[in-house]
$ cat run09.pdb   # PDB, C-alpha atoms
MODEL        1
ATOM      1  CA  TRP A 840     -43.230 116.569  38.926
ATOM      2  CA  ALA A 841     -42.388 119.812  40.690
ATOM      3  CA  THR A 842     -43.617 118.161  43.897
ATOM      4  CA  VAL A 843     -42.089 114.727  43.329
ATOM      5  CA  LEU A 844     -38.565 115.570  42.105
ATOM      6  CA  PRO A 845     -37.200 118.015  44.699
ATOM      7  CA  ALA A 846     -34.346 116.587  46.779
ATOM      8  CA  ASP A 847     -36.289 116.906  50.045
ATOM      9  CA  ASN A 848     -38.923 114.380  48.898
ATOM     10  CA  GLU A 849     -38.072 111.144  50.696
ATOM     11  CA  HIS A 850     -39.971 109.131  48.089
ATOM     12  CA  ARG A 851     -38.201 110.700  45.110
ATOM     13  CA  ARG A 852     -36.013 107.673  44.307
ATOM     14  CA  GLN A 853     -38.991 105.309  44.404
ATOM     15  CA  CYS A 854     -40.963 107.555  42.060
ATOM     16  CA  ILE A 855     -38.046 107.857  39.659
ATOM     17  CA  ASP A 856     -37.506 104.072  39.648
ATOM     18  CA  ALA A 857     -41.166 103.400  39.009
ATOM     19  CA  THR A 858     -41.220 105.905  36.174
ATOM     20  CA  VAL A 859     -38.043 104.632  34.559
ATOM     21  CA  GLN A 860     -38.706 100.911  34.961
ATOM     22  CA  ASN A 861     -42.418 100.653  34.321
ATOM     23  CA  ALA A 862     -44.531 103.683  33.530
ATOM     24  CA  LEU A 863     -42.639 105.512  30.798
ATOM     25  CA  PRO A 864     -41.352 102.564  28.695
ATOM     26  CA  GLU A 865     -44.942 101.397  28.236
ATOM     27  CA  THR A 866     -46.431 104.722  27.172
ATOM     28  CA  LYS A 867     -47.155 105.550  23.558
ATOM     29  CA  ASN A 868     -48.061 109.159  24.270
ATOM     30  CA  PRO A 869     -45.335 111.564  23.097
ATOM     31  CA  ASP A 870     -46.657 114.346  25.342
ATOM     32  CA  VAL A 871     -46.113 112.187  28.429
ATOM     33  CA  VAL A 872     -42.554 111.416  27.344
ATOM     34  CA  SER A 873     -41.824 115.070  26.569
ATOM     35  CA  THR A 874     -43.235 116.309  29.866
ATOM     36  CA  THR A 875     -41.298 113.735  31.899
ATOM     37  CA  VAL A 876     -38.000 114.445  30.130
ATOM     38  CA  LYS A 877     -38.430 118.186  30.612
ATOM     39  CA  ALA A 878     -39.218 117.649  34.295
ATOM     40  CA  PHE A 879     -36.004 115.676  34.830
ATOM     41  CA  MET A 880     -34.044 118.384  33.006
ATOM     42  CA  THR A 881     -35.670 121.157  35.056
ATOM     43  CA  ALA A 882     -34.842 119.297  38.270
ATOM     44  CA  ASP A 883     -31.209 119.021  37.119
ATOM     45  CA  LEU A 884     -31.066 115.239  37.426
ATOM     46  CA  PRO A 885     -28.679 114.303  34.608
ATOM     47  CA  ASN A 886     -27.864 110.785  35.822
ATOM     48  CA  GLU A 887     -31.521 109.968  36.380
ATOM     49  CA  LEU A 888     -32.291 111.499  32.970
ATOM     50  CA  ILE A 889     -29.737 109.151  31.430
ATOM     51  CA  GLU A 890     -31.490 106.188  33.096
ATOM     52  CA  LEU A 891     -34.803 107.406  31.731
ATOM     53  CA  LEU A 892     -33.559 108.007  28.200
ATOM     54  CA  GLU A 893     -31.713 104.690  28.093
ATOM     55  CA  LYS A 894     -34.977 102.928  28.862
ATOM     56  CA  ILE A 895     -36.835 104.855  26.154
ATOM     57  CA  VAL A 896     -34.178 104.984  23.448
ATOM     58  CA  LEU A 897     -32.086 101.837  23.855
ATOM     59  CA  GLN A 898     -34.792  99.296  24.651
ATOM     60  CA  ASN A 899     -37.021  99.280  21.584
ATOM     61  CA  SER A 900     -39.771 101.540  22.799
ATOM     62  CA  GLU A 901     -42.165 103.534  20.657
ATOM     63  CA  PHE A 902     -39.621 106.377  20.692
ATOM     64  CA  SER A 903     -36.342 104.507  20.093
ATOM     65  CA  ASP A 904     -35.676 106.302  16.803
ATOM     66  CA  ASN A 905     -36.659 109.745  18.032
ATOM     67  CA  ARG A 906     -33.886 112.096  16.921
ATOM     68  CA  ASN A 907     -34.344 114.612  19.718
ATOM     69  CA  LEU A 908     -34.255 111.923  22.414
ATOM     70  CA  GLN A 909     -31.136 110.328  20.916
ATOM     71  CA  ASN A 910     -29.455 113.744  20.786
ATOM     72  CA  LEU A 911     -30.458 114.432  24.373
ATOM     73  CA  LEU A 912     -29.154 111.092  25.641
ATOM     74  CA  ILE A 913     -25.734 111.621  24.079
ATOM     75  CA  LEU A 914     -25.500 115.273  25.114
ATOM     76  CA  THR A 915     -26.509 114.479  28.681
ATOM     77  CA  ALA A 916     -23.851 111.779  28.832
ATOM     78  CA  ILE A 917     -21.241 114.215  27.488
ATOM     79  CA  LYS A 918     -22.151 116.531  30.342
ATOM     80  CA  ALA A 919     -22.708 114.051  33.180
ATOM     81  CA  ASP A 920     -21.069 110.699  32.394
ATOM     82  CA  LYS A 921     -18.487 110.741  29.601
ATOM     83  CA  THR A 922     -17.754 107.026  30.006
ATOM     84  CA  ARG A 923     -21.105 106.186  28.391
ATOM     85  CA  VAL A 924     -20.738 108.350  25.302
ATOM     86  CA  MET A 925     -18.839 105.842  23.170
ATOM     87  CA  GLU A 926     -21.490 103.156  23.718
ATOM     88  CA  TYR A 927     -24.301 105.513  22.758
ATOM     89  CA  ILE A 928     -22.730 106.878  19.588
ATOM     90  CA  ASN A 929     -22.026 103.331  18.402
ATOM     91  CA  ARG A 930     -25.458 101.925  19.221
ATOM     92  CA  LEU A 931     -27.521 104.854  17.972
ATOM     93  CA  SER A 932     -27.742 106.125  14.419
ATOM     94  CA  ASN A 933     -30.507 108.736  14.229
ATOM     95  CA  TYR A 934     -28.812 111.648  15.974
ATOM     96  CA  ASP A 935     -27.368 114.860  14.526
ATOM     97  CA  MET A 936     -23.902 113.474  13.910
ATOM     98  CA  PRO A 937     -21.937 116.569  12.779
ATOM     99  CA  ASP A 938     -23.292 118.729  15.596
ATOM    100  CA  ILE A 939     -22.782 116.066  18.257
ATOM    101  CA  ALA A 940     -19.264 115.358  16.992
ATOM    102  CA  ASN A 941     -18.303 119.032  17.204
ATOM    103  CA  ILE A 942     -19.662 119.201  20.750
ATOM    104  CA  ALA A 943     -17.619 116.096  21.580
ATOM    105  CA  VAL A 944     -14.492 117.832  20.253
ATOM    106  CA  GLY A 945     -15.290 120.837  22.455
ATOM    107  CA  SER A 946     -15.519 118.471  25.436
ATOM    108  CA  GLU A 947     -12.159 116.885  24.506
ATOM    109  CA  LEU A 948     -13.828 113.577  23.599
ATOM    110  CA  TYR A 949     -11.679 113.226  20.514
ATOM    111  CA  GLU A 950     -11.979 109.473  20.009
ATOM    112  CA  GLU A 951     -15.751 109.747  20.280
ATOM    113  CA  ALA A 952     -15.806 112.619  17.781
ATOM    114  CA  LEU A 953     -13.666 110.566  15.425
ATOM    115  CA  VAL A 954     -16.080 107.626  15.590
ATOM    116  CA  ILE A 955     -19.030 109.905  14.817
ATOM    117  CA  PHE A 956     -17.341 111.598  11.862
ATOM    118  CA  LYS A 957     -16.355 108.203  10.469
ATOM    119  CA  LYS A 958     -19.892 106.927  10.956
ATOM    120  CA  ALA A 959     -21.243 109.967   9.104
ATOM    121  CA  GLU A 960     -18.597 109.463   6.383
ATOM    122  CA  LEU A 961     -17.311 112.987   6.958
ATOM    123  CA  HIS A 962     -13.767 112.101   5.977
ATOM    124  CA  ARG A 963     -12.237 115.557   6.095
ATOM    125  CA  GLU A 964     -13.565 116.226   9.596
ATOM    126  CA  ALA A 965     -12.371 112.821  10.809
ATOM    127  CA  ALA A 966      -8.908 113.474   9.407
ATOM    128  CA  LYS A 967      -8.814 116.855  11.132
ATOM    129  CA  VAL A 968      -9.559 115.230  14.488
ATOM    130  CA  LEU A 969      -6.779 112.691  13.944
ATOM    131  CA  MET A 970      -4.213 115.302  12.965
ATOM    132  CA  ASP A 971      -5.144 118.357  15.030
ATOM    133  CA  TYR A 972      -6.517 116.852  18.243
ATOM    134  CA  ILE A 973      -5.412 113.229  18.597
ATOM    135  CA  GLN A 974      -2.196 114.282  16.834
ATOM    136  CA  SER A 975      -1.420 110.906  15.296
ATOM    137  CA  ILE A 976       0.083 111.145  11.823
ATOM    138  CA  GLU A 977       0.371 107.348  11.768
ATOM    139  CA  ARG A 978      -3.365 106.855  12.293
ATOM    140  CA  ALA A 979      -4.120 109.643   9.843
ATOM    141  CA  GLN A 980      -2.019 107.807   7.256
ATOM    142  CA  GLU A 981      -3.975 104.592   7.836
ATOM    143  CA  PHE A 982      -7.247 106.512   7.573
ATOM    144  CA  ALA A 983      -6.196 108.205   4.321
ATOM    145  CA  GLU A 984      -5.293 104.856   2.805
ATOM    146  CA  ARG A 985      -8.674 103.429   3.807
ATOM    147  CA  VAL A 986     -10.887 106.237   2.494
ATOM    148  CA  ASP A 987      -8.592 107.278  -0.388
ATOM    149  CA  ASP A 988     -10.067 110.783  -0.493
ATOM    150  CA  GLU A 989      -8.207 113.550  -2.329
ATOM    151  CA  GLU A 990      -8.861 116.200   0.315
ATOM    152  CA  VAL A 991      -7.720 113.862   3.101
ATOM    153  CA  TRP A 992      -4.478 113.116   1.247
ATOM    154  CA  ILE A 993      -3.851 116.855   0.892
ATOM    155  CA  MET A 994      -4.477 117.442   4.609
ATOM    156  CA  LEU A 995      -2.152 114.571   5.459
ATOM    157  CA  GLY A 996       0.506 115.864   3.083
ATOM    158  CA  LYS A 997       0.428 119.296   4.713
ATOM    159  CA  ALA A 998       0.693 117.785   8.192
ATOM    160  CA  GLN A 999       3.613 115.607   7.113
ATOM    161  CA  LEU A1000       5.308 118.567   5.459
ATOM    162  CA  ALA A1001       4.948 120.595   8.658
ATOM    163  CA  GLN A1002       6.790 117.802  10.497
ATOM    164  CA  ASN A1003       9.461 117.649   7.773
ATOM    165  CA  MET A1004       8.402 114.123   6.741
ATOM    166  CA  VAL A1005       9.513 114.810   3.177
ATOM    167  CA  GLN A1006       9.173 111.416   1.500
ATOM    168  CA  GLU A1007       5.839 110.813   3.196
ATOM    169  CA  CYS A1008       4.369 114.201   2.267
ATOM    170  CA  ILE A1009       5.483 113.755  -1.340
ATOM    171  CA  ALA A1010       3.732 110.373  -1.483
ATOM    172  CA  SER A1011       0.547 111.941  -0.082
ATOM    173  CA  PHE A1012       0.542 114.877  -2.511
ATOM    174  CA  ILE A1013       1.144 112.504  -5.424
ATOM    175  CA  LYS A1014      -1.853 110.398  -4.381
ATOM    176  CA  ALA A1015      -3.930 113.589  -4.295
ATOM    177  CA  SER A1016      -2.402 114.766  -7.595
ATOM    178  CA  CYS A1017      -1.906 118.099  -5.833
ATOM    179  CA  GLU A1018       0.771 120.534  -6.992
ATOM    180  CA  LYS A1019      -0.332 123.513  -4.896
ATOM    181  CA  GLU A1020       2.308 122.986  -2.195
ATOM    182  CA  ALA A1021       5.110 122.715  -4.768
ATOM    183  CA  VAL A1022       7.193 125.661  -3.515
ATOM    184  CA  ALA A1023       7.273 124.365   0.070
ATOM    185  CA  VAL A1024       7.852 120.759  -1.008
ATOM    186  CA  ILE A1025      10.756 121.776  -3.275
ATOM    187  CA  ALA A1026      12.431 123.713  -0.452
ATOM    188  CA  ALA A1027      11.956 120.873   2.050
ATOM    189  CA  ALA A1028      13.104 118.157  -0.367
ATOM    190  CA  GLU A1029      16.226 120.045  -1.429
ATOM    191  CA  ALA A1030      17.117 120.753   2.195
ATOM    192  CA  ALA A1031      16.649 117.077   3.079
ATOM    193  CA  GLY A1032      18.545 115.816   0.039
ATOM    194  CA  GLU A1033      15.487 113.943  -1.268
ATOM    195  CA  SER A1034      16.158 114.618  -4.938
ATOM    196  CA  LYS A1035      14.773 111.347  -6.327
ATOM    197  CA  ALA A1036      11.513 111.707  -4.444
ATOM    198  CA  LEU A1037      11.364 115.301  -5.680
ATOM    199  CA  VAL A1038      11.726 114.097  -9.288
ATOM    200  CA  GLU A1039       8.641 111.938  -8.817
ATOM    201  CA  PHE A1040       6.682 114.789  -7.234
ATOM    202  CA  LEU A1041       7.620 117.391  -9.855
ATOM    203  CA  THR A1042       6.858 114.977 -12.695
ATOM    204  CA  MET A1043       3.332 114.745 -11.278
ATOM    205  CA  CYS A1044       3.141 118.545 -10.907
ATOM    206  CA  ARG A1045       3.985 119.072 -14.585
ATOM    207  CA  LYS A1046       0.870 117.111 -15.552
ATOM    208  CA  ASN A1047      -1.270 119.719 -13.817
ATOM    209  CA  THR A1048       0.515 123.001 -14.480
ATOM    210  CA  LYS A1049       3.137 124.758 -16.589
ATOM    211  CA  ASP A1050       5.499 126.581 -14.249
ATOM    212  CA  ALA A1051       9.096 127.790 -14.584
ATOM    213  CA  HIS A1052       9.962 127.139 -10.954
ATOM    214  CA  ILE A1053       8.717 123.549 -11.200
ATOM    215  CA  ASP A1054      10.636 122.861 -14.412
ATOM    216  CA  THR A1055      13.777 124.533 -13.079
ATOM    217  CA  SER A1056      13.605 122.524  -9.862
ATOM    218  CA  LEU A1057      13.022 119.310 -11.802
ATOM    219  CA  ILE A1058      16.147 119.939 -13.892
ATOM    220  CA  TYR A1059      18.164 120.412 -10.705
ATOM    221  CA  ALA A1060      16.590 117.314  -9.113
ATOM    222  CA  TYR A1061      17.588 115.222 -12.135
ATOM    223  CA  ALA A1062      21.128 116.587 -11.879
ATOM    224  CA  LYS A1063      21.326 116.041  -8.136
ATOM    225  CA  SER A1064      20.078 112.466  -8.572
ATOM    226  CA  GLU A1065      22.674 111.869 -11.325
ATOM    227  CA  MET A1066      19.826 110.896 -13.651
ATOM    228  CA  TYR A1067      21.761 112.163 -16.654
ATOM    229  CA  ALA A1068      19.782 110.353 -19.379
ATOM    230  CA  GLU A1069      16.513 111.717 -17.988
ATOM    231  CA  LEU A1070      18.103 115.152 -17.660
ATOM    232  CA  GLU A1071      19.134 115.186 -21.313
ATOM    233  CA  ASP A1072      15.717 113.990 -22.439
ATOM    234  CA  PHE A1073      13.979 116.644 -20.368
ATOM    235  CA  ILE A1074      16.030 119.659 -21.445
ATOM    236  CA  SER A1075      15.886 118.618 -25.091
ATOM    237  CA  ALA A1076      12.067 118.535 -24.959
ATOM    238  CA  PRO A1077       9.812 121.606 -24.589
ATOM    239  CA  ASN A1078      10.048 123.053 -21.075
ATOM    240  CA  VAL A1079      10.072 126.415 -19.309
ATOM    241  CA  GLY A1080      13.001 125.700 -16.985
ATOM    242  CA  ARG A1081      15.874 128.124 -16.500
ATOM    243  CA  ILE A1082      18.625 125.837 -17.789
ATOM    244  CA  GLN A1083      21.470 128.396 -17.606
ATOM    245  CA  GLU A1084      20.624 129.125 -13.971
ATOM    246  CA  VAL A1085      20.645 125.433 -12.995
ATOM    247  CA  ALA A1086      23.856 124.810 -14.957
ATOM    248  CA  GLU A1087      25.618 127.588 -13.046
ATOM    249  CA  ARG A1088      24.286 126.211  -9.770
ATOM    250  CA  CYS A1089      25.534 122.728 -10.600
ATOM    251  CA  TYR A1090      28.932 124.110 -11.595
ATOM    252  CA  ALA A1091      29.169 125.999  -8.299
ATOM    253  CA  GLU A1092      28.389 122.755  -6.457
ATOM    254  CA  SER A1093      31.039 120.825  -8.460
ATOM    255  CA  MET A1094      28.383 118.795 -10.308
ATOM    256  CA  TYR A1095      30.377 119.118 -13.527
ATOM    257  CA  GLU A1096      28.796 116.267 -15.500
ATOM    258  CA  ALA A1097      25.335 117.742 -15.111
ATOM    259  CA  ALA A1098      26.615 121.260 -15.790
ATOM    260  CA  LYS A1099      28.314 120.030 -18.967
ATOM    261  CA  ILE A1100      25.080 118.480 -20.264
ATOM    262  CA  MET A1101      23.189 121.727 -19.675
ATOM    263  CA  PHE A1102      25.804 124.129 -21.055
ATOM    264  CA  ASN A1103      26.014 121.952 -24.156
ATOM    265  CA  SER A1104      22.211 121.932 -24.588
ATOM    266  CA  ILE A1105      22.064 125.759 -24.663
ATOM    267  CA  SER A1106      25.251 126.052 -26.750
ATOM    268  CA  ASN A1107      27.158 127.938 -24.078
ATOM    269  CA  PHE A1108      30.484 126.637 -25.268
ATOM    270  CA  ALA A1109      32.555 129.067 -23.204
ATOM    271  CA  ARG A1110      31.104 127.673 -19.971
ATOM    272  CA  LEU A1111      31.129 124.139 -21.376
ATOM    273  CA  ALA A1112      34.883 124.371 -21.792
ATOM    274  CA  THR A1113      35.297 125.073 -18.082
ATOM    275  CA  CYS A1114      33.616 121.733 -17.267
ATOM    276  CA  LEU A1115      35.975 119.611 -19.352
TER     277      LEU A1115
ENDMDL
END
$ encode --input "run09.pdb" --output "structure tokens"
Amino acid sequence: WATVLPADNEHRRQCIDATVQNALPETKNPDVVSTTVKAFMTADLPNELIELLEKIVLQNSEFSDNRNLQNLLILTAIKADKTRVMEYINRLSNYDMPDIANIAVGSELYEEALVIFKKAELHREAAKVLMDYIQSIERAQEFAERVDDEEVWIMLGKAQLAQNMVQECIASFIKASCEKEAVAVIAAAEAAGESKALVEFLTMCRKNTKDAHIDTSLIYAYAKSEMYAELEDFISAPNVGRIQEVAERCYAESMYEAAKIMFNSISNFARLATCL
């Protein structure tokens, strides 16, 4: 091979064609295959190596399912002919999917990486590609709905929150039953005036944790939404909300009906009188 493959050999193309088309596909000797592949790599002939590997791997030879050869075909294509990568990753199935996908990301082949992660059912990694590299919240939403994975919903919720998509992030966190982003969600929802959506989110949070900030924010969200019956029911039941604090806030914002309900519930008749 060291004699045949150098560029100054006028018969090199004929030898390569004969090897690719006839000799190698018919061999059942792994040593012959290994030696030939290594020779093409040593000679730095990536396109010819792709021809060779296609013949071995894609055309039902003795070595079609060989993991190393499948890996090598895809990696060589990533390096030498990116247009072929998508075909290979779809047709082949016995390659090291996580490793190849990460290499594809490093080569900015994001759609190809996404296909591999989906094929390997690595949902979190696929979602990361959609959100961080392809940067499509819309496609990430569709993917989350399809796989319905808690971790993916949380990732989507965080991405939506970062883009101030308040209603959407609340829906995602509810589907994940995740209360861990409560402080940020409360701030974003109050700033955006999404009090009714916040009620739904905080109601879910209370199922998972007992927290004064959550209860206090829920009281305010009820008041802001003018959900007075729900507000009365909530503050009359066991809770750890700071009712006096929310009542004063509502009074300062001229939400007198809500303030009246709260001052009455804690028997602060002096402040109640100011709301009448």
$ closest_residue --input "run09.pdb" --among "A:Ile1025, A:Glu1007, A:Tyr1067, A:Val1079" --to "Lys1049 in chain A" --atoms "all atoms listed in the file"
A:Val1079
$ resolve_selection --input "run09.pdb" --expression "the PyMOL selection byres ((chain A and resi 1053) around 9)" --output "ChimeraX atom specification"
/A:1021-1022,1025,1041-1042,1044-1045,1048-1052,1054-1058,1079-1080
$ resolve_selection --input "run09.pdb" --expression "the PyMOL selection byres ((chain A and resi 1006) around 10)" --output "count of residues only"
20
$ residues_around --input "run09.pdb" --residues "Ile917 in chain A" --least-positions-apart "3" --cutoff "12 Å" --atoms "only C-alpha atoms" --output "JSON, numbers by chain"
{"A": [885, 886, 889, 910, 911, 912, 913, 914, 920, 921, 922, 923, 924, 925, 926, 927, 928, 939, 940, 941, 942, 943, 944, 945, 946, 947, 948, 949, 951, 952]}
$ resolve_selection --input "run09.pdb" --expression "the PyMOL selection byres ((chain A and resi 968-974) around 8)" --output "PyMOL selection string"
chain A and resi 949-950+952-953+964-967+975-976+978-979+995+998
$ atom_distance --input "run09.pdb" --atom1 "CA of Arg930 in chain A" --atom2 "CA of Gln909 in chain A"
10.3 Å
$ atom_distance --input "run09.pdb" --atom1 "CA of Lys894 in chain A" --atom2 "CA of Val954 in chain A"
23.6 Å
$ atom_distance --input "run09.pdb" --atom1 "CA of Asn868 in chain A" --atom2 "CA of Ala916 in chain A"
24.8 Å
